[in-house]
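So this one's coords_5.txt, compact mmCIF, N, CA and C atoms:
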# COMPACT_ATOMS: atom_id res chain seq x y z
N MET I 1 0.84 -1.19 0.00
CA MET I 1 0.00 0.00 0.00
C MET I 1 0.88 1.25 0.00
N GLU I 2 0.59 2.16 -0.90
CA GLU I 2 1.36 3.39 -1.00
C GLU I 2 0.80 4.44 -0.04
N HIS I 3 1.71 5.15 0.61
CA HIS I 3 1.30 6.24 1.49
C HIS I 3 1.41 7.54 0.73
N ALA I 4 0.43 8.41 0.93
CA ALA I 4 0.48 9.72 0.29
C ALA I 4 1.60 10.53 0.94
N ARG I 5 2.40 11.14 0.11
CA ARG I 5 3.49 11.97 0.63
C ARG I 5 2.90 13.28 1.15
N PRO I 6 3.31 13.69 2.35
CA PRO I 6 2.77 14.95 2.87
C PRO I 6 3.26 16.15 2.05
N SER I 7 2.45 17.19 2.04
CA SER I 7 2.88 18.43 1.38
C SER I 7 4.01 19.04 2.20
N TRP I 8 4.74 19.98 1.60
CA TRP I 8 5.80 20.67 2.35
C TRP I 8 5.22 21.39 3.55
N ASP I 9 4.03 22.00 3.39
CA ASP I 9 3.39 22.67 4.54
C ASP I 9 3.15 21.68 5.67
N GLU I 10 2.62 20.52 5.36
CA GLU I 10 2.36 19.50 6.39
C GLU I 10 3.66 19.06 7.06
N TYR I 11 4.66 18.83 6.24
CA TYR I 11 5.95 18.38 6.74
C TYR I 11 6.57 19.40 7.69
N PHE I 12 6.62 20.67 7.28
CA PHE I 12 7.25 21.69 8.12
C PHE I 12 6.42 22.00 9.36
N MET I 13 5.09 21.95 9.25
CA MET I 13 4.27 22.18 10.44
C MET I 13 4.44 21.04 11.44
N GLU I 14 4.58 19.83 10.96
CA GLU I 14 4.82 18.71 11.87
C GLU I 14 6.16 18.89 12.58
N LEU I 15 7.18 19.34 11.86
CA LEU I 15 8.48 19.61 12.48
C LEU I 15 8.37 20.73 13.52
N ALA I 16 7.58 21.76 13.23
CA ALA I 16 7.38 22.85 14.19
C ALA I 16 6.72 22.31 15.47
N ARG I 17 5.78 21.39 15.31
CA ARG I 17 5.13 20.78 16.49
C ARG I 17 6.15 19.96 17.31
N VAL I 18 7.04 19.27 16.62
CA VAL I 18 8.07 18.51 17.32
C VAL I 18 9.00 19.46 18.08
N VAL I 19 9.41 20.54 17.45
CA VAL I 19 10.27 21.53 18.10
C VAL I 19 9.56 22.12 19.32
N ALA I 20 8.26 22.34 19.23
CA ALA I 20 7.49 22.91 20.34
C ALA I 20 7.55 22.04 21.59
N ARG I 21 7.79 20.76 21.42
CA ARG I 21 7.87 19.86 22.58
C ARG I 21 9.05 20.20 23.49
N ARG I 22 10.01 20.96 22.98
CA ARG I 22 11.16 21.39 23.79
C ARG I 22 10.83 22.60 24.67
N SER I 23 9.68 23.21 24.46
CA SER I 23 9.29 24.41 25.20
C SER I 23 9.29 24.19 26.71
N THR I 24 9.69 25.22 27.44
CA THR I 24 9.64 25.16 28.90
C THR I 24 8.59 26.13 29.45
N CYS I 25 7.72 26.64 28.58
CA CYS I 25 6.67 27.57 28.98
C CYS I 25 5.54 26.79 29.66
N LEU I 26 4.99 27.36 30.71
CA LEU I 26 3.90 26.72 31.44
C LEU I 26 2.54 26.96 30.79
N ARG I 27 2.43 27.97 29.93
CA ARG I 27 1.14 28.35 29.38
C ARG I 27 0.86 27.82 27.98
N ARG I 28 1.88 27.79 27.14
CA ARG I 28 1.67 27.42 25.74
C ARG I 28 2.98 26.94 25.15
N ARG I 29 2.94 25.83 24.45
CA ARG I 29 4.14 25.30 23.78
C ARG I 29 4.11 25.74 22.32
N VAL I 30 5.15 26.46 21.92
CA VAL I 30 5.21 26.99 20.55
C VAL I 30 6.55 26.59 19.94
N GLY I 31 6.49 26.17 18.68
CA GLY I 31 7.70 25.83 17.93
C GLY I 31 7.72 26.60 16.62
N ALA I 32 8.92 26.92 16.14
CA ALA I 32 9.06 27.68 14.91
C ALA I 32 10.24 27.17 14.09
N LEU I 33 10.08 27.25 12.77
CA LEU I 33 11.14 26.91 11.83
C LEU I 33 11.28 28.04 10.84
N LEU I 34 12.49 28.43 10.52
CA LEU I 34 12.75 29.36 9.43
C LEU I 34 13.23 28.54 8.25
N ILE I 35 12.54 28.67 7.12
CA ILE I 35 12.76 27.82 5.94
C ILE I 35 13.02 28.69 4.72
N ARG I 36 14.03 28.31 3.93
CA ARG I 36 14.22 28.93 2.62
C ARG I 36 14.63 27.83 1.66
N ASP I 37 13.99 27.82 0.51
CA ASP I 37 14.27 26.81 -0.50
C ASP I 37 14.16 25.39 0.07
N ARG I 38 13.13 25.17 0.87
CA ARG I 38 12.84 23.87 1.51
C ARG I 38 13.98 23.39 2.40
N ARG I 39 14.78 24.32 2.91
CA ARG I 39 15.89 24.01 3.80
C ARG I 39 15.67 24.68 5.14
N ILE I 40 15.87 23.96 6.22
CA ILE I 40 15.71 24.52 7.56
C ILE I 40 16.92 25.39 7.87
N LEU I 41 16.66 26.67 8.12
CA LEU I 41 17.73 27.61 8.47
C LEU I 41 17.96 27.66 9.97
N ALA I 42 16.86 27.61 10.74
CA ALA I 42 16.95 27.70 12.20
C ALA I 42 15.63 27.23 12.80
N THR I 43 15.70 26.83 14.04
CA THR I 43 14.50 26.45 14.79
C THR I 43 14.46 27.25 16.08
N GLY I 44 13.29 27.31 16.68
CA GLY I 44 13.15 27.97 17.97
C GLY I 44 11.92 27.47 18.69
N TYR I 45 11.98 27.53 20.00
CA TYR I 45 10.82 27.21 20.83
C TYR I 45 10.78 28.22 21.96
N ASN I 46 9.62 28.37 22.59
CA ASN I 46 9.51 29.38 23.63
C ASN I 46 10.02 28.85 24.97
N GLY I 47 10.73 29.73 25.68
CA GLY I 47 11.28 29.38 26.98
C GLY I 47 12.28 30.42 27.44
N ALA I 48 12.78 30.21 28.64
CA ALA I 48 13.71 31.16 29.26
C ALA I 48 15.02 31.22 28.46
N PRO I 49 15.73 32.34 28.54
CA PRO I 49 17.03 32.45 27.87
C PRO I 49 17.99 31.35 28.34
N GLY I 50 18.90 30.95 27.46
CA GLY I 50 19.86 29.90 27.77
C GLY I 50 20.62 30.17 29.06
N GLY I 51 20.75 29.15 29.86
CA GLY I 51 21.51 29.27 31.11
C GLY I 51 20.71 29.79 32.29
N LEU I 52 19.49 30.27 32.04
CA LEU I 52 18.65 30.78 33.13
C LEU I 52 17.65 29.70 33.55
N GLU I 53 17.15 29.87 34.75
CA GLU I 53 16.17 28.91 35.29
C GLU I 53 14.92 28.89 34.41
N HIS I 54 14.48 27.69 34.08
CA HIS I 54 13.28 27.53 33.26
C HIS I 54 12.03 27.95 34.03
N CYS I 55 11.02 28.34 33.29
CA CYS I 55 9.74 28.75 33.89
C CYS I 55 9.13 27.61 34.70
N ILE I 56 9.38 26.38 34.28
CA ILE I 56 8.86 25.22 35.01
C ILE I 56 9.35 25.25 36.45
N ALA I 57 10.59 25.70 36.67
CA ALA I 57 11.15 25.78 38.02
C ALA I 57 10.89 27.14 38.68
N ALA I 58 10.99 28.21 37.90
CA ALA I 58 10.87 29.57 38.45
C ALA I 58 9.42 30.01 38.66
N GLY I 59 8.50 29.39 37.94
CA GLY I 59 7.11 29.82 38.00
C GLY I 59 6.83 30.86 36.93
N CYS I 60 5.57 31.20 36.80
CA CYS I 60 5.13 32.14 35.77
C CYS I 60 4.44 33.34 36.40
N ILE I 61 5.07 34.49 36.28
CA ILE I 61 4.51 35.72 36.83
C ILE I 61 3.17 36.04 36.18
N ARG I 62 3.10 35.86 34.86
CA ARG I 62 1.86 36.18 34.14
C ARG I 62 0.72 35.28 34.60
N GLU I 63 1.03 34.03 34.87
CA GLU I 63 0.02 33.09 35.36
C GLU I 63 -0.43 33.49 36.76
N GLU I 64 0.54 33.82 37.63
CA GLU I 64 0.24 34.24 39.00
C GLU I 64 -0.63 35.49 39.02
N MET I 65 -0.36 36.42 38.09
CA MET I 65 -1.13 37.67 38.02
C MET I 65 -2.40 37.52 37.18
N GLN I 66 -2.63 36.35 36.61
CA GLN I 66 -3.78 36.07 35.76
C GLN I 66 -3.88 37.02 34.58
N VAL I 67 -2.72 37.28 33.96
CA VAL I 67 -2.65 38.14 32.78
C VAL I 67 -3.19 37.34 31.59
N PRO I 68 -4.16 37.90 30.86
CA PRO I 68 -4.70 37.17 29.70
C PRO I 68 -3.65 36.98 28.61
N SER I 69 -3.83 35.93 27.84
CA SER I 69 -2.95 35.65 26.71
C SER I 69 -2.93 36.85 25.77
N GLY I 70 -1.75 37.18 25.26
CA GLY I 70 -1.61 38.28 24.33
C GLY I 70 -1.36 39.63 24.98
N GLU I 71 -1.27 39.67 26.30
CA GLU I 71 -1.07 40.94 27.01
C GLU I 71 0.17 40.88 27.90
N ARG I 72 0.76 42.05 28.15
CA ARG I 72 1.85 42.23 29.10
C ARG I 72 3.05 41.31 28.87
N HIS I 73 3.51 41.26 27.61
CA HIS I 73 4.65 40.40 27.26
C HIS I 73 5.90 40.71 28.08
N GLU I 74 6.02 41.95 28.54
CA GLU I 74 7.23 42.34 29.26
C GLU I 74 7.36 41.63 30.61
N LEU I 75 6.29 41.05 31.10
CA LEU I 75 6.35 40.33 32.37
C LEU I 75 6.88 38.91 32.24
N CYS I 76 6.98 38.43 31.03
CA CYS I 76 7.39 37.05 30.79
C CYS I 76 8.91 36.94 30.79
N ARG I 77 9.45 35.95 31.48
CA ARG I 77 10.90 35.74 31.50
C ARG I 77 11.38 35.00 30.26
N GLY I 78 10.45 34.44 29.50
CA GLY I 78 10.81 33.65 28.33
C GLY I 78 10.85 34.44 27.04
N LEU I 79 11.49 33.83 26.06
CA LEU I 79 11.49 34.34 24.69
C LEU I 79 10.50 33.52 23.90
N HIS I 80 9.95 34.13 22.86
CA HIS I 80 9.02 33.41 21.99
C HIS I 80 9.80 32.57 20.99
N ALA I 81 9.14 31.57 20.44
CA ALA I 81 9.78 30.65 19.49
C ALA I 81 10.34 31.39 18.28
N GLU I 82 9.58 32.36 17.77
CA GLU I 82 10.03 33.13 16.61
C GLU I 82 11.30 33.91 16.93
N GLN I 83 11.34 34.50 18.13
CA GLN I 83 12.52 35.25 18.55
C GLN I 83 13.72 34.32 18.65
N ASN I 84 13.54 33.17 19.26
CA ASN I 84 14.64 32.22 19.39
C ASN I 84 15.14 31.71 18.04
N ALA I 85 14.24 31.52 17.08
CA ALA I 85 14.66 31.09 15.74
C ALA I 85 15.53 32.17 15.08
N ILE I 86 15.11 33.43 15.17
CA ILE I 86 15.89 34.54 14.60
C ILE I 86 17.25 34.63 15.29
N ILE I 87 17.27 34.50 16.62
CA ILE I 87 18.51 34.59 17.38
C ILE I 87 19.45 33.44 17.02
N GLN I 88 18.91 32.23 16.90
CA GLN I 88 19.75 31.08 16.52
C GLN I 88 20.38 31.29 15.15
N ALA I 89 19.60 31.80 14.21
CA ALA I 89 20.16 32.08 12.88
C ALA I 89 21.28 33.11 12.99
N ALA I 90 21.07 34.16 13.75
CA ALA I 90 22.09 35.20 13.91
C ALA I 90 23.35 34.65 14.57
N LEU I 91 23.19 33.83 15.60
CA LEU I 91 24.35 33.25 16.29
C LEU I 91 25.21 32.41 15.36
N HIS I 92 24.58 31.79 14.39
CA HIS I 92 25.31 30.92 13.48
C HIS I 92 25.60 31.56 12.12
N GLY I 93 25.34 32.88 12.01
CA GLY I 93 25.67 33.61 10.79
C GLY I 93 24.81 33.25 9.60
N THR I 94 23.56 32.88 9.83
CA THR I 94 22.66 32.48 8.75
C THR I 94 21.64 33.58 8.47
N SER I 95 21.65 34.10 7.26
CA SER I 95 20.67 35.11 6.87
C SER I 95 19.29 34.47 6.77
N VAL I 96 18.28 35.18 7.25
CA VAL I 96 16.90 34.69 7.15
C VAL I 96 16.08 35.54 6.18
N ARG I 97 16.73 36.44 5.49
CA ARG I 97 16.05 37.29 4.51
C ARG I 97 15.30 36.41 3.51
N ASP I 98 14.05 36.77 3.25
CA ASP I 98 13.17 36.07 2.30
C ASP I 98 12.81 34.64 2.73
N ALA I 99 13.03 34.30 3.97
CA ALA I 99 12.66 32.98 4.47
C ALA I 99 11.16 32.95 4.82
N SER I 100 10.64 31.74 4.90
CA SER I 100 9.29 31.52 5.40
C SER I 100 9.40 31.06 6.84
N LEU I 101 8.46 31.49 7.66
CA LEU I 101 8.40 31.04 9.05
C LEU I 101 7.24 30.07 9.18
N TYR I 102 7.51 28.89 9.67
CA TYR I 102 6.48 27.92 10.03
C TYR I 102 6.42 27.92 11.55
N VAL I 103 5.26 28.23 12.09
CA VAL I 103 5.13 28.37 13.54
C VAL I 103 3.79 27.79 13.98
N THR I 104 3.80 27.17 15.15
CA THR I 104 2.59 26.49 15.62
C THR I 104 1.46 27.45 15.96
N HIS I 105 1.76 28.70 16.27
CA HIS I 105 0.74 29.69 16.62
C HIS I 105 1.03 31.01 15.91
N GLN I 106 -0.02 31.75 15.62
CA GLN I 106 0.11 33.06 14.98
C GLN I 106 0.99 33.96 15.84
N PRO I 107 1.92 34.70 15.25
CA PRO I 107 2.83 35.54 16.03
C PRO I 107 2.13 36.70 16.75
N CYS I 108 2.70 37.06 17.89
CA CYS I 108 2.24 38.24 18.64
C CYS I 108 2.81 39.50 17.96
N VAL I 109 2.42 40.66 18.46
CA VAL I 109 2.88 41.92 17.85
C VAL I 109 4.39 42.11 18.01
N VAL I 110 4.96 41.72 19.13
CA VAL I 110 6.40 41.87 19.34
C VAL I 110 7.15 41.04 18.30
N CYS I 111 6.73 39.79 18.12
CA CYS I 111 7.38 38.93 17.12
C CYS I 111 7.12 39.43 15.70
N ALA I 112 5.91 39.92 15.46
CA ALA I 112 5.58 40.44 14.12
C ALA I 112 6.56 41.55 13.73
N LYS I 113 6.85 42.46 14.64
CA LYS I 113 7.78 43.56 14.34
C LYS I 113 9.18 43.02 14.06
N MET I 114 9.61 42.02 14.81
CA MET I 114 10.93 41.42 14.58
C MET I 114 10.96 40.71 13.23
N LEU I 115 9.88 40.03 12.88
CA LEU I 115 9.83 39.30 11.61
C LEU I 115 9.83 40.26 10.42
N VAL I 116 9.19 41.42 10.58
CA VAL I 116 9.23 42.44 9.53
C VAL I 116 10.67 42.89 9.32
N ASN I 117 11.37 43.20 10.40
CA ASN I 117 12.74 43.68 10.27
C ASN I 117 13.72 42.60 9.83
N ALA I 118 13.39 41.34 10.09
CA ALA I 118 14.24 40.23 9.62
C ALA I 118 13.98 39.92 8.15
N ARG I 119 13.01 40.60 7.56
CA ARG I 119 12.65 40.45 6.14
C ARG I 119 12.09 39.06 5.81
N ILE I 120 11.31 38.52 6.74
CA ILE I 120 10.62 37.26 6.50
C ILE I 120 9.56 37.50 5.44
N SER I 121 9.42 36.59 4.49
CA SER I 121 8.49 36.81 3.38
C SER I 121 7.10 36.24 3.61
N GLU I 122 7.01 35.19 4.44
CA GLU I 122 5.73 34.51 4.62
C GLU I 122 5.71 33.85 5.99
N ILE I 123 4.52 33.82 6.59
CA ILE I 123 4.33 33.14 7.88
C ILE I 123 3.22 32.12 7.70
N VAL I 124 3.53 30.88 8.03
CA VAL I 124 2.55 29.79 7.97
C VAL I 124 2.34 29.32 9.40
N PHE I 125 1.10 29.32 9.86
CA PHE I 125 0.81 28.98 11.25
C PHE I 125 -0.43 28.09 11.32
N SER I 126 -0.65 27.48 12.50
CA SER I 126 -1.85 26.67 12.66
C SER I 126 -2.73 27.17 13.79
N GLY I 127 -2.19 27.55 14.92
CA GLY I 127 -2.99 27.98 16.06
C GLY I 127 -3.20 29.48 16.11
N GLU I 128 -4.39 29.89 16.50
CA GLU I 128 -4.72 31.32 16.63
C GLU I 128 -4.02 31.92 17.85
N TYR I 129 -3.81 33.23 17.79
CA TYR I 129 -3.28 33.99 18.93
C TYR I 129 -4.01 35.33 18.90
N PRO I 130 -4.56 35.77 20.03
CA PRO I 130 -5.41 36.97 20.05
C PRO I 130 -4.65 38.29 19.94
N ASP I 131 -4.24 38.68 18.74
CA ASP I 131 -3.46 39.90 18.59
C ASP I 131 -3.75 40.56 17.23
N GLN I 132 -4.71 41.45 17.21
CA GLN I 132 -5.09 42.14 15.97
C GLN I 132 -4.00 43.10 15.48
N LEU I 133 -3.25 43.71 16.39
CA LEU I 133 -2.19 44.63 15.98
C LEU I 133 -1.11 43.87 15.20
N SER I 134 -0.83 42.66 15.61
CA SER I 134 0.12 41.83 14.87
C SER I 134 -0.33 41.65 13.43
N GLN I 135 -1.57 41.28 13.25
CA GLN I 135 -2.13 41.08 11.90
C GLN I 135 -2.01 42.36 11.07
N SER I 136 -2.32 43.48 11.68
CA SER I 136 -2.26 44.77 11.00
C SER I 136 -0.84 45.11 10.55
N ILE I 137 0.13 44.88 11.42
CA ILE I 137 1.53 45.17 11.09
C ILE I 137 2.02 44.26 9.96
N LEU I 138 1.69 43.00 10.04
CA LEU I 138 2.11 42.06 8.99
C LEU I 138 1.46 42.41 7.65
N ASP I 139 0.19 42.81 7.67
CA ASP I 139 -0.50 43.24 6.45
C ASP I 139 0.18 44.46 5.85
N GLU I 140 0.46 45.45 6.70
CA GLU I 140 1.10 46.68 6.23
C GLU I 140 2.47 46.41 5.62
N ALA I 141 3.20 45.45 6.20
CA ALA I 141 4.54 45.12 5.71
C ALA I 141 4.49 44.22 4.47
N GLY I 142 3.31 43.73 4.12
CA GLY I 142 3.19 42.87 2.95
C GLY I 142 3.67 41.44 3.18
N ILE I 143 3.70 41.02 4.45
CA ILE I 143 4.10 39.65 4.75
C ILE I 143 2.86 38.77 4.69
N ARG I 144 2.94 37.77 3.83
CA ARG I 144 1.83 36.85 3.65
C ARG I 144 1.67 36.00 4.91
N LEU I 145 0.45 35.91 5.41
CA LEU I 145 0.12 35.13 6.59
C LEU I 145 -0.88 34.07 6.18
N ARG I 146 -0.51 32.79 6.35
CA ARG I 146 -1.39 31.68 5.96
C ARG I 146 -1.64 30.77 7.13
N ARG I 147 -2.91 30.50 7.37
CA ARG I 147 -3.26 29.52 8.38
C ARG I 147 -3.47 28.17 7.70
N VAL I 148 -2.85 27.14 8.26
CA VAL I 148 -3.03 25.79 7.76
C VAL I 148 -3.44 24.90 8.94
N ASP I 149 -4.37 24.01 8.70
CA ASP I 149 -4.81 23.08 9.72
C ASP I 149 -4.70 21.67 9.16
N PHE I 150 -4.03 20.82 9.90
CA PHE I 150 -3.87 19.43 9.49
C PHE I 150 -4.31 18.53 10.60

Could you show the structure in this file as structure tokens?
Amino acid sequence: MEHARPSWDEYFMELARVVARRSTCLRRRVGALLIRDRRILATGYNGAPGGLEHCIAAGCIREEMQVPSGERHELCRGLHAEQNAIIQAALHGTSVRDASLYVTHQPCVVCAKMLVNARISEIVFSGEYPDQLSQSILDEAGIRLRRVDF
């Protein structure tokens, strides 16, 4: 019996979900891949900066304060998956210009601004995130945003 080969979108979204399993966030596990020419440039997941205590051990200030999702990002000790993917590419000298971002959740406004400046050409995501300003910024920058569900 022949198995249908997954599309590139399915393949990269599945990899983003696998990367998300490395997350140390107590609220939401997010994974991201930066892709150009069907090649993985960098990966990222959300969690505390390298070498610092993980949120699993330190606790979550936003959770303790009952801050709704999408608000008060400055209270979080962690970095978002998109931010970590951009940082990993920079650390290893890899340009992400014109890359596509595959991410398990729609980017927040902070990440959207970083993705605009990193010259990302397209964002493919599966999970919603409550941030209309993010959508507006990405639209204004001409970055294609596609939701895919598998």

*asked:* Using all atoms listed in the file, which protein or nucleic acid residues come within 7 Å of Phe125 (chain I)? Drop anything in the same chain fewer than 4 positions from it, and give the result as a VMD selection string.
replied: chain I and resid 101 to 106 145 to 149

Written file, previous selection with N, CA and C atoms, as a PDB file, in the frame of the given file:
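To be explicit, this is the file written out as result-v6.pdb:
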ATOM      1  N   LEU I 101       8.460  31.490   7.660  1.00  0.00           N
ATOM      2  CA  LEU I 101       8.400  31.040   9.050  1.00  0.00           C
ATOM      3  C   LEU I 101       7.240  30.070   9.180  1.00  0.00           C
ATOM      4  N   TYR I 102       7.510  28.890   9.670  1.00  0.00           N
ATOM      5  CA  TYR I 102       6.480  27.920  10.030  1.00  0.00           C
ATOM      6  C   TYR I 102       6.420  27.920  11.550  1.00  0.00           C
ATOM      7  N   VAL I 103       5.260  28.230  12.090  1.00  0.00           N
ATOM      8  CA  VAL I 103       5.130  28.370  13.540  1.00  0.00           C
ATOM      9  C   VAL I 103       3.790  27.790  13.980  1.00  0.00           C
ATOM     10  N   THR I 104       3.800  27.170  15.150  1.00  0.00           N
ATOM     11  CA  THR I 104       2.590  26.490  15.620  1.00  0.00           C
ATOM     12  C   THR I 104       1.460  27.450  15.960  1.00  0.00           C
ATOM     13  N   HIS I 105       1.760  28.700  16.270  1.00  0.00           N
ATOM     14  CA  HIS I 105       0.740  29.690  16.620  1.00  0.00           C
ATOM     15  C   HIS I 105       1.030  31.010  15.910  1.00  0.00           C
ATOM     16  N   GLN I 106      -0.020  31.750  15.620  1.00  0.00           N
ATOM     17  CA  GLN I 106       0.110  33.060  14.980  1.00  0.00           C
ATOM     18  C   GLN I 106       0.990  33.960  15.840  1.00  0.00           C
ATOM     19  N   LEU I 145       0.450  35.910   5.410  1.00  0.00           N
ATOM     20  CA  LEU I 145       0.120  35.130   6.590  1.00  0.00           C
ATOM     21  C   LEU I 145      -0.880  34.070   6.180  1.00  0.00           C
ATOM     22  N   ARG I 146      -0.510  32.790   6.350  1.00  0.00           N
ATOM     23  CA  ARG I 146      -1.390  31.680   5.960  1.00  0.00           C
ATOM     24  C   ARG I 146      -1.640  30.770   7.130  1.00  0.00           C
ATOM     25  N   ARG I 147      -2.910  30.500   7.370  1.00  0.00           N
ATOM     26  CA  ARG I 147      -3.260  29.520   8.380  1.00  0.00           C
ATOM     27  C   ARG I 147      -3.470  28.170   7.700  1.00  0.00           C
ATOM     28  N   VAL I 148      -2.850  27.140   8.260  1.00  0.00           N
ATOM     29  CA  VAL I 148      -3.030  25.790   7.760  1.00  0.00           C
ATOM     30  C   VAL I 148      -3.440  24.900   8.940  1.00  0.00           C
ATOM     31  N   ASP I 149      -4.370  24.010   8.700  1.00  0.00           N
ATOM     32  CA  ASP I 149      -4.810  23.080   9.720  1.00  0.00           C
ATOM     33  C   ASP I 149      -4.700  21.670   9.160  1.00  0.00           C
TER      34      ASP I 149
END

_Just list as JSON, numbers by chain whatever in chain I DSSP marks as strand (DSSP E or B)._
{"I": [31, 32, 33, 34, 35, 36, 39, 40, 41, 42, 43, 44, 45, 47, 79, 100, 101, 102, 103, 104, 105, 122, 123, 124, 125, 126, 127, 144, 145, 146, 147]}

Under the rule of at most 12 Å, produce a per-residue listing of region 108-136 of chain I near region 9-27 of chain I: chain, number, name, the closest pair of atoms, and the distance in Å, as JSON lines, using only C-alpha atoms.
{"residue": "I:Ile123", "atom": "CA", "partner": "I:Asp9", "partner_atom": "CA", "distance": 11.0}
{"residue": "I:Val124", "atom": "CA", "partner": "I:Asp9", "partner_atom": "CA", "distance": 7.9}
{"residue": "I:Phe125", "atom": "CA", "partner": "I:Met13", "partner_atom": "CA", "distance": 7.7}
{"residue": "I:Ser126", "atom": "CA", "partner": "I:Met13", "partner_atom": "CA", "distance": 7.9}
{"residue": "I:Gly127", "atom": "CA", "partner": "I:Met13", "partner_atom": "CA", "distance": 10.9}

*asked:* Here is a test: counting only C-alpha atoms, which residue of I:Ala81, I:Val96, I:Val109, I:Met65 is nearest to Ser134 (chain I)?
replied: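 Ranking I:Ala81, I:Val96, I:Val109, I:Met65 by distance to Ser134 (chain I), first place goes to I:Val109.
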
*Between CA of Pro107 (chain I) and atom C of Pro130 (chain I) - distance in Å to one decimal*: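 Between atom C of Pro130 (chain I) and CA of Pro107 (chain I) the gap works out to 8.9 Å.
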
_Secondary structure check, helix (DSSP H, G or I) residues of chain I, as a PyMOL selection string_ = chain I and resi 8-20+55-58+61-64+73-75+81-91+109-117+132-141

*asked:* At a cut-off of 7 Å, using only N, CA and C atoms, what residues contact Gly70 (chain I)? Leave out same-chain residues fewer than 3 positions from it and give the result as a ChimeraX atom specification.
replied: /I:67,73,108,129-131

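Ranking I:Cys76, I:Ala90, I:Leu52, I:Val116 by their shortest atom-to-atom distance to Ile143 (chain I), with only N, CA and C atoms included, puts I:Val116 first.
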
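In this model, the gap between atom C of Pro6 (chain I) and CA of Phe150 (chain I) comes to 10.8 Å.
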
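In this model, the gap between atom N of Thr43 (chain I) and CA of Ala85 (chain I) comes to 4.7 Å.
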
*Expected answer as JSON, numbers by chain: all residues with atoms within 12 Å of (7.7, 39.4, 2.5), only C-alpha atoms*: {"I": [96, 97, 98, 99, 100, 101, 112, 115, 116, 117, 118, 119, 120, 121, 122, 123, 138, 139, 140, 141, 142, 143, 144, 145]}

Taking all listed atoms of region 69-86 of chain I, build the axis-aligned box, pad each of the six sides by 4 Å, then write its centre and edge lengths in Å to one decimal as lines of an AutoDock Vina configuration file.
center_x = 6.7
center_y = 36.5
center_z = 23.5
size_x = 29.1
size_y = 19.7
size_z = 25.8

*Selected residue, from I:Val30, I:Leu75, I:Gly93, I:Ile61, that lies nearest to Gly47 (chain I) when counting only N, CA and C atoms*: I:Val30

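Taking only C-alpha atoms into account, Trp8 (chain I) lies nearest to I:Ile35 out of the set I:Ile35, I:Ala42, I:Ile137, I:Ala89.
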